[in-house]
>>> print(open('structure.cif').read())   # mmCIF, C-alpha atoms, pLDDT in the B column; chains and numbers go by the auth columns
data_model
#
loop_
_atom_site.group_PDB
_atom_site.id
_atom_site.type_symbol
_atom_site.label_atom_id
_atom_site.label_comp_id
_atom_site.label_asym_id
_atom_site.label_seq_id
_atom_site.Cartn_x
_atom_site.Cartn_y
_atom_site.Cartn_z
_atom_site.B_iso_or_equiv
_atom_site.auth_seq_id
_atom_site.auth_asym_id
ATOM 1 C CA MET A 1 0.000 0.000 0.000 59.00 1 A
ATOM 2 C CA PRO A 2 1.546 3.360 -0.994 64.00 2 A
ATOM 3 C CA LYS A 3 2.413 5.833 1.739 67.00 3 A
ATOM 4 C CA LYS A 4 0.036 8.811 1.928 69.00 4 A
ATOM 5 C CA ILE A 5 1.692 12.070 0.940 73.00 5 A
ATOM 6 C CA ARG A 6 0.955 14.779 3.479 74.00 6 A
ATOM 7 C CA ASP A 7 0.350 18.311 2.393 80.00 7 A
ATOM 8 C CA ILE A 8 0.550 21.535 4.376 80.00 8 A
ATOM 9 C CA PHE A 9 -3.154 21.358 5.261 84.00 9 A
ATOM 10 C CA ASP A 10 -2.577 18.087 7.130 85.00 10 A
ATOM 11 C CA TYR A 11 -0.003 19.871 9.297 84.00 11 A
ATOM 12 C CA PHE A 12 -2.401 22.761 9.934 85.00 12 A
ATOM 13 C CA ASP A 13 -5.176 20.333 10.915 88.00 13 A
ATOM 14 C CA GLU A 14 -2.839 18.679 13.433 88.00 14 A
ATOM 15 C CA MET A 15 -1.751 22.046 14.833 85.00 15 A
ATOM 16 C CA ILE A 16 -5.339 23.222 15.249 88.00 16 A
ATOM 17 C CA GLU A 17 -6.291 20.003 17.060 90.00 17 A
ATOM 18 C CA ASP A 18 -3.276 20.352 19.364 86.00 18 A
ATOM 19 C CA MET A 19 -4.117 23.987 20.087 83.00 19 A
ATOM 20 C CA GLN A 20 -7.722 23.127 20.900 87.00 20 A
ATOM 21 C CA LYS A 21 -6.551 20.526 23.414 85.00 21 A
ATOM 22 C CA GLU A 22 -4.111 23.025 24.952 79.00 22 A
ATOM 23 C CA PHE A 23 -6.788 25.725 25.243 79.00 23 A
ATOM 24 C CA GLU A 24 -9.135 23.269 26.949 83.00 24 A
ATOM 25 C CA GLU A 25 -6.399 22.352 29.446 80.00 25 A
ATOM 26 C CA PHE A 26 -5.612 26.044 29.959 75.00 26 A
ATOM 27 C CA GLU A 27 -9.285 26.811 30.590 78.00 27 A
ATOM 28 C CA ARG A 28 -9.410 24.063 33.245 78.00 28 A
ATOM 29 C CA GLU A 29 -6.278 25.513 34.883 74.00 29 A
ATOM 30 C CA LEU A 30 -7.795 29.031 34.886 72.00 30 A
ATOM 31 C CA MET A 31 -10.979 27.770 36.513 72.00 31 A
ATOM 32 C CA ARG A 32 -8.929 25.937 39.134 72.00 32 A
ATOM 33 C CA ARG A 33 -6.906 29.089 39.887 67.00 33 A
ATOM 34 C CA ALA A 34 -10.016 31.282 40.033 65.00 34 A
ATOM 35 C CA SER A 35 -11.671 28.950 42.526 66.00 35 A
ATOM 36 C CA THR A 36 -8.593 28.885 44.781 65.00 36 A
ATOM 37 C CA SER A 37 -7.645 32.598 44.518 61.00 37 A
ATOM 38 C CA SER A 38 -7.967 34.459 47.818 62.00 38 A
ATOM 39 C CA THR A 39 -8.559 37.822 46.128 60.00 39 A
ATOM 40 C CA GLY A 40 -10.797 36.516 43.359 58.00 40 A
ATOM 41 C CA GLU A 41 -8.500 38.185 40.822 60.00 41 A
ATOM 42 C CA ILE A 42 -6.710 36.219 38.146 62.00 42 A
ATOM 43 C CA GLY A 43 -4.715 37.338 35.129 65.00 43 A
ATOM 44 C CA PRO A 44 -3.785 39.026 32.980 70.00 44 A
ATOM 45 C CA TYR A 45 -2.983 36.125 30.712 73.00 45 A
ATOM 46 C CA VAL A 46 -1.355 36.781 27.384 76.00 46 A
ATOM 47 C CA TYR A 47 -0.917 34.025 24.839 77.00 47 A
ATOM 48 C CA GLY A 48 -0.414 34.276 21.132 79.00 48 A
ATOM 49 C CA PHE A 49 1.254 32.476 18.310 79.00 49 A
ATOM 50 C CA ARG A 50 2.439 33.059 14.807 79.00 50 A
ATOM 51 C CA VAL A 51 2.545 30.403 12.117 83.00 51 A
ATOM 52 C CA THR A 52 5.096 30.579 9.302 80.00 52 A
ATOM 53 C CA VAL A 53 6.270 28.077 6.736 80.00 53 A
ATOM 54 C CA GLY A 54 9.909 27.087 7.127 73.00 54 A
ATOM 55 C CA PRO A 55 12.432 26.483 4.358 72.00 55 A
ATOM 56 C CA ASP A 56 11.589 22.777 4.487 79.00 56 A
ATOM 57 C CA GLY A 57 7.943 23.564 3.672 82.00 57 A
ATOM 58 C CA LYS A 58 6.702 22.601 7.129 83.00 58 A
ATOM 59 C CA PRO A 59 4.787 25.037 9.334 84.00 59 A
ATOM 60 C CA GLN A 60 6.614 26.530 12.300 80.00 60 A
ATOM 61 C CA ILE A 61 4.847 27.939 15.352 80.00 61 A
ATOM 62 C CA GLN A 62 6.276 30.744 17.461 78.00 62 A
ATOM 63 C CA GLU A 63 4.484 31.298 20.770 77.00 63 A
ATOM 64 C CA PHE A 64 4.567 34.459 22.859 77.00 64 A
ATOM 65 C CA GLY A 65 2.999 35.801 26.034 77.00 65 A
ATOM 66 C CA ASN A 66 3.152 34.756 29.686 77.00 66 A
ATOM 67 C CA VAL A 67 1.526 31.343 29.323 77.00 67 A
ATOM 68 C CA LYS A 68 3.989 28.513 28.733 73.00 68 A
ATOM 69 C CA ARG A 69 3.770 24.767 28.500 70.00 69 A
ATOM 70 C CA LEU A 70 5.485 22.520 31.005 71.00 70 A
ATOM 71 C CA GLY A 71 4.770 19.035 29.746 70.00 71 A
ATOM 72 C CA SER A 72 1.028 18.955 29.220 66.00 72 A
ATOM 73 C CA LYS A 73 0.225 21.604 31.861 69.00 73 A
ATOM 74 C CA PRO A 74 0.049 25.340 31.202 68.00 74 A
ATOM 75 C CA VAL A 75 2.324 27.457 33.393 73.00 75 A
ATOM 76 C CA ILE A 76 1.596 31.132 33.951 73.00 76 A
ATOM 77 C CA SER A 77 4.623 33.353 34.411 75.00 77 A
ATOM 78 C CA ASN A 78 4.995 36.907 35.683 75.00 78 A
ATOM 79 C CA GLU A 79 7.191 37.587 32.654 81.00 79 A
ATOM 80 C CA ARG A 80 5.763 37.965 29.194 82.00 80 A
ATOM 81 C CA GLU A 81 7.574 36.709 26.151 83.00 81 A
ATOM 82 C CA PRO A 82 7.418 39.373 23.449 85.00 82 A
ATOM 83 C CA LEU A 83 6.624 38.562 19.845 85.00 83 A
ATOM 84 C CA VAL A 84 9.905 38.576 17.914 89.00 84 A
ATOM 85 C CA ASP A 85 10.624 38.649 14.187 89.00 85 A
ATOM 86 C CA ILE A 86 14.030 37.671 12.814 90.00 86 A
ATOM 87 C CA ILE A 87 14.839 38.974 9.355 90.00 87 A
ATOM 88 C CA GLU A 88 17.969 37.603 7.715 88.00 88 A
ATOM 89 C CA LYS A 89 19.349 39.223 4.567 88.00 89 A
ATOM 90 C CA ASP A 90 22.801 38.626 3.122 86.00 90 A
ATOM 91 C CA ASN A 91 25.268 39.455 5.928 89.00 91 A
ATOM 92 C CA ASP A 92 22.718 41.252 8.123 92.00 92 A
ATOM 93 C CA ILE A 93 20.281 40.040 10.749 92.00 93 A
ATOM 94 C CA ARG A 94 17.493 42.274 12.047 95.00 94 A
ATOM 95 C CA VAL A 95 15.535 41.374 15.168 95.00 95 A
ATOM 96 C CA LEU A 96 12.265 43.165 15.954 95.00 96 A
ATOM 97 C CA ALA A 97 10.656 42.692 19.383 94.00 97 A
ATOM 98 C CA GLU A 98 7.328 44.114 20.536 92.00 98 A
ATOM 99 C CA ILE A 99 7.785 45.536 24.040 91.00 99 A
ATOM 100 C CA PRO A 100 4.909 47.978 24.574 89.00 100 A
ATOM 101 C CA GLY A 101 5.035 50.372 27.523 88.00 101 A
ATOM 102 C CA ALA A 102 8.727 49.929 28.359 90.00 102 A
ATOM 103 C CA ASP A 103 11.110 52.817 28.941 90.00 103 A
ATOM 104 C CA LYS A 104 14.224 52.685 26.787 90.00 104 A
ATOM 105 C CA ASP A 105 16.504 52.744 29.850 92.00 105 A
ATOM 106 C CA LYS A 106 14.716 49.718 31.364 92.00 106 A
ATOM 107 C CA ILE A 107 15.451 47.471 28.385 94.00 107 A
ATOM 108 C CA LYS A 108 18.530 45.253 28.561 94.00 108 A
ATOM 109 C CA VAL A 109 19.966 43.509 25.510 94.00 109 A
ATOM 110 C CA SER A 110 22.970 41.178 25.612 92.00 110 A
ATOM 111 C CA ILE A 111 24.488 38.703 23.217 91.00 111 A
ATOM 112 C CA ASN A 112 26.515 35.544 23.590 88.00 112 A
ATOM 113 C CA GLY A 113 27.527 33.699 20.414 81.00 113 A
ATOM 114 C CA ASP A 114 24.334 33.006 18.481 84.00 114 A
ATOM 115 C CA LYS A 115 21.951 33.840 21.359 89.00 115 A
ATOM 116 C CA LEU A 116 20.381 37.235 22.004 92.00 116 A
ATOM 117 C CA PHE A 117 18.889 37.986 25.437 94.00 117 A
ATOM 118 C CA ILE A 118 16.198 40.647 25.872 94.00 118 A
ATOM 119 C CA THR A 119 14.724 41.729 29.221 93.00 119 A
ATOM 120 C CA ALA A 120 12.574 44.762 29.990 93.00 120 A
ATOM 121 C CA ASP A 121 10.406 46.306 32.690 88.00 121 A
ATOM 122 C CA ALA A 122 7.297 48.242 31.727 83.00 122 A
ATOM 123 C CA GLN A 123 5.015 49.695 34.430 80.00 123 A
ATOM 124 C CA ASP A 124 3.363 46.509 35.750 78.00 124 A
ATOM 125 C CA LYS A 125 4.835 44.107 33.159 82.00 125 A
ATOM 126 C CA LYS A 126 8.120 42.286 32.746 87.00 126 A
ATOM 127 C CA TYR A 127 9.380 40.938 29.442 89.00 127 A
ATOM 128 C CA SER A 128 11.991 38.269 28.813 90.00 128 A
ATOM 129 C CA LYS A 129 13.077 36.480 25.638 91.00 129 A
ATOM 130 C CA THR A 130 16.046 34.441 24.498 91.00 130 A
ATOM 131 C CA VAL A 131 16.393 34.553 20.716 90.00 131 A
ATOM 132 C CA GLU A 132 18.405 31.965 18.816 88.00 132 A
ATOM 133 C CA LEU A 133 20.037 33.767 15.919 89.00 133 A
ATOM 134 C CA PRO A 134 20.432 32.011 12.564 86.00 134 A
ATOM 135 C CA ALA A 135 24.205 32.616 12.624 85.00 135 A
ATOM 136 C CA GLU A 136 26.976 33.878 14.878 85.00 136 A
ATOM 137 C CA VAL A 137 27.289 37.634 14.798 88.00 137 A
ATOM 138 C CA ASP A 138 29.988 40.228 15.233 87.00 138 A
ATOM 139 C CA GLU A 139 29.250 41.433 18.781 88.00 139 A
ATOM 140 C CA ASP A 140 30.868 44.816 18.096 87.00 140 A
ATOM 141 C CA SER A 141 28.470 45.540 15.216 87.00 141 A
ATOM 142 C CA VAL A 142 25.233 45.351 17.226 90.00 142 A
ATOM 143 C CA LYS A 143 23.010 48.445 17.180 94.00 143 A
ATOM 144 C CA ALA A 144 19.656 48.729 18.937 94.00 144 A
ATOM 145 C CA THR A 145 16.876 51.318 18.800 94.00 145 A
ATOM 146 C CA TYR A 146 13.514 51.526 20.557 95.00 146 A
ATOM 147 C CA LYS A 147 10.555 53.479 19.249 94.00 147 A
ATOM 148 C CA ASN A 148 6.773 53.180 19.697 92.00 148 A
ATOM 149 C CA GLY A 149 7.015 49.924 21.643 91.00 149 A
ATOM 150 C CA VAL A 150 9.216 48.171 19.083 94.00 150 A
ATOM 151 C CA LEU A 151 12.820 47.231 19.823 95.00 151 A
ATOM 152 C CA GLU A 152 14.923 46.926 16.662 96.00 152 A
ATOM 153 C CA ILE A 153 18.315 45.240 16.859 95.00 153 A
ATOM 154 C CA ASN A 154 20.604 45.209 13.820 95.00 154 A
ATOM 155 C CA LEU A 155 23.483 42.745 13.719 93.00 155 A
ATOM 156 C CA LYS A 156 26.188 41.804 11.227 91.00 156 A
ATOM 157 C CA LYS A 157 27.056 38.160 10.699 88.00 157 A
ATOM 158 C CA LYS A 158 30.565 37.074 11.608 82.00 158 A
ATOM 159 C CA GLN A 159 32.664 36.797 8.514 77.00 159 A
ATOM 160 C CA GLN A 160 33.554 33.180 7.928 70.00 160 A
ATOM 161 C CA SER A 161 37.108 33.108 6.703 65.00 161 A
ATOM 162 C CA PHE A 162 38.421 30.008 5.018 63.00 162 A
ATOM 163 C CA LYS A 163 41.456 28.867 6.997 68.00 163 A
ATOM 164 C CA GLY A 164 42.377 25.816 5.100 70.00 164 A
ATOM 165 C CA LYS A 165 45.479 24.470 3.502 75.00 165 A
ATOM 166 C CA GLU A 166 45.847 23.797 -0.157 77.00 166 A
ATOM 167 C CA ILE A 167 46.805 20.217 -0.849 79.00 167 A
ATOM 168 C CA LYS A 168 49.187 19.447 -3.642 82.00 168 A
ATOM 169 C CA ILE A 169 48.074 16.611 -5.869 86.00 169 A
ATOM 170 C CA GLU A 170 50.862 14.189 -6.757 80.00 170 A
#
>>> encode(input="structure.cif", output="structure tokens")
Amino acid sequence: MPKKIRDIFDYFDEMIEDMQKEFEEFERELMRRASTSSTGEIGPYVYGFRVTVGPDGKPQIQEFGNVKRLGSKPVISNEREPLVDIIEKDNDIRVLAEIPGADKDKIKVSINGDKLFITADAQDKKYSKTVELPAEVDEDSVKATYKNGVLEINLKKKQQSFKGKEIKIE
């Protein structure tokens, strides 16, 4: 019997089913928290996702917010994970992060190899995100700006120099 070829819609169907199950579990967790809360207040809860199609043709999901998964249980954090876009072009990488309400001087950005770390405080919110970059970057070339709630970080890729040895053919 020939193997069924899956198309992108099969992947989307699976993702939607998984998300429905996760939302049902999250709803149960919210109801449990509301019934055990001493103040009667719960939230705010922020959860979102973005679906893109990767270079291999398979959908990729990027989650953001303060609701995370730990195994099959939702975990609610005091820190929100901002939505981040990574745009790679030639030797440049541009990272855009949505951090609404933060003051520029309360945003911290650091880099280590191919990882970018973003933390910020905004009135009653905290943001935290570790971004895996598509390549190692020149740490001295990093420039960051913040305007209208959007942090833009521009990076240059490390130049890969060929350090090989030519081999003489006999």
>>> closest_residue(input="structure.cif", among="A:Asp18, A:Glu139, A:Glu170, A:Glu81", to="Thr119 (chain A)", atoms="only C-alpha atoms")
A:Glu81
>>> residues_around(input="structure.cif", residues="Ile107 (chain A)", least_positions_apart="5", cutoff="8 Å", atoms="only C-alpha atoms", output="ChimeraX atom specification")
/A:102,118-121
>>> closest_residue(input="structure.cif", among="A:Gln160, A:Asn148, A:Asn78, A:Ser141", to="Tyr45 (chain A)", atoms="all atoms listed in the file")
A:Asn78
>>> closest_residue(input="structure.cif", among="A:Glu166, A:Glu25, A:Asp7, A:Glu88", to="Leu70 (chain A)", atoms="all atoms listed in the file")
A:Glu25
>>> residues_around(input="structure.cif", residues="Leu96 (chain A)", least_positions_apart="4", cutoff="6 Å", atoms="all atoms listed in the file", output="list in words")
Val84, Asp85, Leu151 and Glu152 of chain A
>>> write_last_selection(input="structure.cif", atoms="C-alpha atoms", output="PDB file, keeping the file's coordinate frame")
ATOM      1  CA  VAL A  84       9.905  38.576  17.914  1.00 89.00           C
ATOM      2  CA  ASP A  85      10.624  38.649  14.187  1.00 89.00           C
ATOM      3  CA  LEU A 151      12.820  47.231  19.823  1.00 95.00           C
ATOM      4  CA  GLU A 152      14.923  46.926  16.662  1.00 96.00           C
TER       5      GLU A 152
END
>>> atom_distance(input="structure.cif", atom1="CA of Met31 (chain A)", atom2="CA of Asp13 (chain A)")
27.3 Å
>>> axis_aligned_box(input="structure.cif", around="region 140-145 of chain A", padding_each_side="6 Å", output="JSON")
{"center_x": 23.9, "center_y": 48.1, "center_z": 17.1, "size_x": 26.0, "size_y": 18.5, "size_z": 15.7}
>>> closest_residue(input="structure.cif", among="A:Pro55, A:Tyr146, A:Ile61, A:Ile87", to="Ile99 (chain A)", atoms="all atoms listed in the file")
A:Tyr146
>>> resolve_selection(input="structure.cif", expression="the PyMOL selection byres ((chain A and resi 132) around 8)", output="JSON, numbers by chain")
{"A": [114, 115, 116, 130, 131, 133, 134]}
>>> residues_around(input="structure.cif", residues="Ile93 (chain A)", least_positions_apart="5", cutoff="8 Å", atoms="all atoms listed in the file", output="PyMOL selection string")
chain A and resi 86-88+154-157
>>> atom_distance(input="structure.cif", atom1="CA of Gly113 (chain A)", atom2="CA of Gly54 (chain A)")
23.0 Å
>>> atom_distance(input="structure.cif", atom1="CA of Glu27 (chain A)", atom2="CA of Arg80 (chain A)")
18.8 Å
>>> closest_residue(input="structure.cif", among="A:Arg94, A:Arg32, A:Gln62, A:Asp124", to="Val137 (chain A)", atoms="all atoms listed in the file")
A:Arg94
>>> closest_residue(input="structure.cif", among="A:Val150, A:Val51, A:Ile16, A:Leu83", to="Gly101 (chain A)", atoms="all atoms listed in the file")
A:Val150
>>> resolve_selection(input="structure.cif", expression="the PyMOL selection byres ((chain A and resi 143) around 6)", output="JSON, numbers by chain")
{"A": [142, 144, 153, 154]}
